[in-house]
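Visitor: Mind looking over this structure? Questions follow.
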Amino acid sequence: MNTFILLGPPGAGKGTQADLISADLGIPKISTGDMLRSAVASKSDLGNRVEDILNSGKLVSDDIIIELINDRINQSDCKSGYLFDGVPRTLGQANLFLQNGIEVNKVIDISLDDELIIKRMSGRRFHIASGRSYHIEFNPPKAEGLDDETGEPLIQREDDFPETCLLYTSDAADEGLGVDLGGRRII
């Protein structure tokens, strides 16, 4: 089974690389954002709990994230493997991976210079309802500040402001599992 964790600072290109790797290997990409949106849309008990937490402005707990992950990796499309895009995000989540027997064969850590991280992140804009992302320089919306499909306003996430985007550190490349790749090239 091919199981990977793709890590790196926000703006390093994890989502882009995850899409390419996922397509190349024929395994699903698993991201917390996608799982949270799917849970809310499902209107299940767990989805309703997640929606309440998100609407309150709080962070979803590690326990709920792991519950979502366990549900996701037990779906039929994950039988031959999966790729985690930016999760685990915390040491607590990493420990819960181990405690729950979530298998990982390889950790890929994308590194990037601080200056480029700030440039990439500070230009990102998101359509919350769909998860669509834009960049004011590299992938701008057709109309400034508005989603191409719905015309709804785009937001800049709190963690995309320069003062918060350099807080990332990676301790995942451990025990021979890590592969450190520069974030300026395609994997």
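Residue numbers start at 1 in each chain; chains themselves are named A, B, ... in the order of the structure tokens; ligands are numbered from 1 in the order shown.
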Report as CSV: every residue of stretch 72-108 of chain A with an atom at most 9 Å from stretch 2-10 of chain A, its closest pair of atoms, and their distance in Å to one decimal, counting only C-alpha atoms, with rows sorted by chain and ascending residue number.

Guide:
residue,atom,partner,partner_atom,distance
A:Ser80,CA,A:Asn2,CA,6.4
A:Gly81,CA,A:Asn2,CA,4.4
A:Tyr82,CA,A:Thr3,CA,5.0
A:Leu83,CA,A:Phe4,CA,4.7
A:Phe84,CA,A:Ile5,CA,4.7
A:Asp85,CA,A:Leu6,CA,5.2
A:Gly86,CA,A:Leu7,CA,5.0
A:Val87,CA,A:Ile5,CA,6.9
A:Pro88,CA,A:Ile5,CA,7.9
A:Arg89,CA,A:Leu7,CA,8.3
A:Glu103,CA,A:Thr3,CA,6.8
A:Val104,CA,A:Thr3,CA,4.9
A:Asn105,CA,A:Thr3,CA,5.2
A:Lys106,CA,A:Phe4,CA,4.9
A:Val107,CA,A:Ile5,CA,4.7
A:Ile108,CA,A:Leu6,CA,4.8

Visitor: With all heavy atoms retained, could you export that selection as a compact mmCIF listing (two decimals), in the first residue's frame?

Guide:
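Dumped to result_25.txt:
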# COMPACT_ATOMS: atom_id res chain seq x y z
N SER A 80 -5.68 0.89 -1.90
CA SER A 80 -4.31 0.74 -2.39
C SER A 80 -3.40 1.87 -1.91
O SER A 80 -2.23 1.90 -2.26
CB SER A 80 -4.30 0.65 -3.92
OG SER A 80 -4.83 1.82 -4.48
N GLY A 81 -3.95 2.78 -1.11
CA GLY A 81 -3.12 3.83 -0.55
C GLY A 81 -3.83 5.16 -0.50
O GLY A 81 -4.97 5.30 -0.94
N TYR A 82 -3.12 6.15 0.03
CA TYR A 82 -3.65 7.50 0.17
C TYR A 82 -2.50 8.44 0.45
O TYR A 82 -1.40 8.03 0.84
CB TYR A 82 -4.70 7.58 1.29
CG TYR A 82 -4.35 6.81 2.53
CD1 TYR A 82 -3.53 7.35 3.51
CD2 TYR A 82 -4.82 5.51 2.71
CE1 TYR A 82 -3.20 6.63 4.64
CE2 TYR A 82 -4.49 4.77 3.84
CZ TYR A 82 -3.68 5.34 4.81
OH TYR A 82 -3.35 4.62 5.92
N LEU A 83 -2.76 9.72 0.23
CA LEU A 83 -1.77 10.75 0.45
C LEU A 83 -2.38 11.83 1.34
O LEU A 83 -3.41 12.41 0.99
CB LEU A 83 -1.33 11.36 -0.89
CG LEU A 83 -0.27 12.45 -0.79
CD1 LEU A 83 0.76 12.26 -1.89
CD2 LEU A 83 -0.88 13.81 -0.88
N PHE A 84 -1.77 12.07 2.49
CA PHE A 84 -2.23 13.12 3.39
C PHE A 84 -1.60 14.44 2.96
O PHE A 84 -0.38 14.55 2.88
CB PHE A 84 -1.85 12.82 4.84
CG PHE A 84 -2.59 11.67 5.44
CD1 PHE A 84 -1.94 10.49 5.74
CD2 PHE A 84 -3.95 11.76 5.70
CE1 PHE A 84 -2.64 9.43 6.30
CE2 PHE A 84 -4.65 10.71 6.24
CZ PHE A 84 -3.99 9.53 6.54
N ASP A 85 -2.43 15.42 2.70
CA ASP A 85 -1.98 16.74 2.27
C ASP A 85 -2.00 17.68 3.47
O ASP A 85 -3.05 18.20 3.85
CB ASP A 85 -2.92 17.24 1.16
CG ASP A 85 -2.66 18.67 0.74
OD1 ASP A 85 -1.66 19.27 1.19
OD2 ASP A 85 -3.47 19.21 -0.04
N GLY A 86 -0.83 17.86 4.10
CA GLY A 86 -0.72 18.81 5.19
C GLY A 86 -1.26 18.35 6.53
O GLY A 86 -1.49 19.16 7.41
N VAL A 87 -1.49 17.08 6.67
CA VAL A 87 -1.95 16.54 7.94
C VAL A 87 -1.09 15.30 8.23
O VAL A 87 -0.78 14.56 7.29
CB VAL A 87 -3.46 16.19 7.90
CG1 VAL A 87 -3.80 15.14 6.87
CG2 VAL A 87 -3.98 15.82 9.25
N PRO A 88 -0.60 15.10 9.41
CA PRO A 88 -0.91 15.82 10.64
C PRO A 88 -0.26 17.20 10.67
O PRO A 88 0.83 17.39 10.17
CB PRO A 88 -0.34 14.91 11.73
CG PRO A 88 0.78 14.16 11.06
CD PRO A 88 0.34 13.99 9.64
N ARG A 89 -0.98 18.14 11.30
CA ARG A 89 -0.50 19.52 11.42
C ARG A 89 0.13 19.78 12.78
O ARG A 89 0.83 20.76 12.95
CB ARG A 89 -1.66 20.50 11.24
CG ARG A 89 -2.19 20.55 9.84
CD ARG A 89 -3.33 21.55 9.76
NE ARG A 89 -3.94 21.51 8.46
CZ ARG A 89 -3.69 22.39 7.50
NH1 ARG A 89 -2.85 23.35 7.71
NH2 ARG A 89 -4.28 22.28 6.34
N GLU A 103 -1.29 4.00 9.00
CA GLU A 103 -0.04 3.60 8.34
C GLU A 103 0.46 4.70 7.41
O GLU A 103 -0.29 5.30 6.65
CB GLU A 103 -0.31 2.34 7.52
CG GLU A 103 0.91 1.79 6.83
CD GLU A 103 0.61 0.52 6.07
OE1 GLU A 103 -0.33 -0.19 6.43
OE2 GLU A 103 1.35 0.25 5.11
N VAL A 104 1.77 4.96 7.49
CA VAL A 104 2.44 5.90 6.60
C VAL A 104 3.77 5.29 6.18
O VAL A 104 4.55 4.86 7.02
CB VAL A 104 2.68 7.26 7.30
CG1 VAL A 104 3.48 8.19 6.41
CG2 VAL A 104 1.36 7.90 7.71
N ASN A 105 3.99 5.23 4.84
CA ASN A 105 5.24 4.69 4.32
C ASN A 105 6.31 5.75 4.10
O ASN A 105 7.50 5.45 4.19
CB ASN A 105 5.01 3.97 2.98
CG ASN A 105 4.04 2.84 3.09
OD1 ASN A 105 3.02 2.87 2.43
ND2 ASN A 105 4.32 1.86 3.91
N LYS A 106 5.90 6.96 3.77
CA LYS A 106 6.87 7.99 3.42
C LYS A 106 6.34 9.36 3.80
O LYS A 106 5.16 9.65 3.61
CB LYS A 106 7.14 7.95 1.92
CG LYS A 106 8.28 8.79 1.41
CD LYS A 106 9.65 8.38 1.90
CE LYS A 106 10.20 7.20 1.15
NZ LYS A 106 11.56 6.85 1.51
N VAL A 107 7.24 10.20 4.34
CA VAL A 107 6.92 11.60 4.64
C VAL A 107 7.72 12.46 3.68
O VAL A 107 8.95 12.30 3.58
CB VAL A 107 7.28 11.96 6.10
CG1 VAL A 107 7.05 13.45 6.36
CG2 VAL A 107 6.49 11.11 7.08
N ILE A 108 7.05 13.32 2.96
CA ILE A 108 7.70 14.24 2.02
C ILE A 108 7.54 15.64 2.59
O ILE A 108 6.42 16.10 2.81
CB ILE A 108 7.06 14.17 0.62
CG1 ILE A 108 7.14 12.74 0.08
CG2 ILE A 108 7.73 15.16 -0.32
CD1 ILE A 108 6.30 12.51 -1.17

Visitor: Please return, as a ChimeraX atom specification, all residues of chain A that DSSP assigns to strand (DSSP E or B) on the basis of the backbone.

Guide: /A:2-7,29-31,81-85,106-111,124-126,133-135,139,146,153,155,178-182

Visitor: According to DSSP computed on the backbone, where in stretch 66-173 of chain A is there alpha helix (DSSP H)? Give the residues as a PyMOL selection string.

Guide: chain A and resi 66-73+91-99+114-122

Visitor: Using only C-alpha atoms, which residues sit within 10 Å of A:Leu59 once same-chain residues fewer than 5 positions away are excluded, as a PDB file with N, CA, C and O atoms, in the first residue's frame?

Guide:
ATOM      1  N   VAL A  50     -18.928  19.326  13.700  1.00  0.00           N
ATOM      2  CA  VAL A  50     -17.887  20.097  13.026  1.00  0.00           C
ATOM      3  C   VAL A  50     -18.420  21.474  12.634  1.00  0.00           C
ATOM      4  O   VAL A  50     -17.754  22.488  12.850  1.00  0.00           O
ATOM      5  N   ILE A  53     -18.588  23.797  15.590  1.00  0.00           N
ATOM      6  CA  ILE A  53     -17.253  24.249  16.002  1.00  0.00           C
ATOM      7  C   ILE A  53     -16.756  25.326  15.054  1.00  0.00           C
ATOM      8  O   ILE A  53     -16.271  26.382  15.479  1.00  0.00           O
ATOM      9  N   LEU A  54     -16.868  25.074  13.743  1.00  0.00           N
ATOM     10  CA  LEU A  54     -16.398  26.051  12.761  1.00  0.00           C
ATOM     11  C   LEU A  54     -17.168  27.354  12.850  1.00  0.00           C
ATOM     12  O   LEU A  54     -16.573  28.440  12.776  1.00  0.00           O
TER      13      LEU A  54
END

Visitor: With distances taken over only C-alpha atoms, which residue among A:Leu20, A:Ile128, A:Met121, A:Ala12 lies nearest A:Leu36?

Guide: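 The closest residue to A:Leu36 is A:Ile128.
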
Visitor: Write out, as CSV, each residue of stretch 26-142 of chain A that has an atom at most 7 Å from stretch 151-162 of chain A, together with the closest pair of atoms and their distance in Å to one decimal, counting only C-alpha atoms, rows going by chain and rising number.

Guide:
residue,atom,partner,partner_atom,distance
A:Ile118,CA,A:Pro162,CA,5.6
A:Met121,CA,A:Asp160,CA,5.0
A:Ser122,CA,A:Asp160,CA,5.3
A:Arg124,CA,A:Gln156,CA,6.4
A:Arg125,CA,A:Gln156,CA,4.9
A:Phe126,CA,A:Leu154,CA,5.1
A:His127,CA,A:Leu154,CA,4.9

Visitor: Just how far from atom CA of A:Ser130 is atom CA of A:Asn48, in Å to one decimal?

Guide: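 About the pair atom CA of A:Asn48 and atom CA of A:Ser130: they are 17.8 Å apart.
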
Visitor: Between A:Gly11, A:Asp19, A:Gln93, A:Arg49, which has the minimum distance to A:Lys119 (counting only C-alpha atoms)?

Guide: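 Under the stated criterion, the closest residue is A:Gly11.
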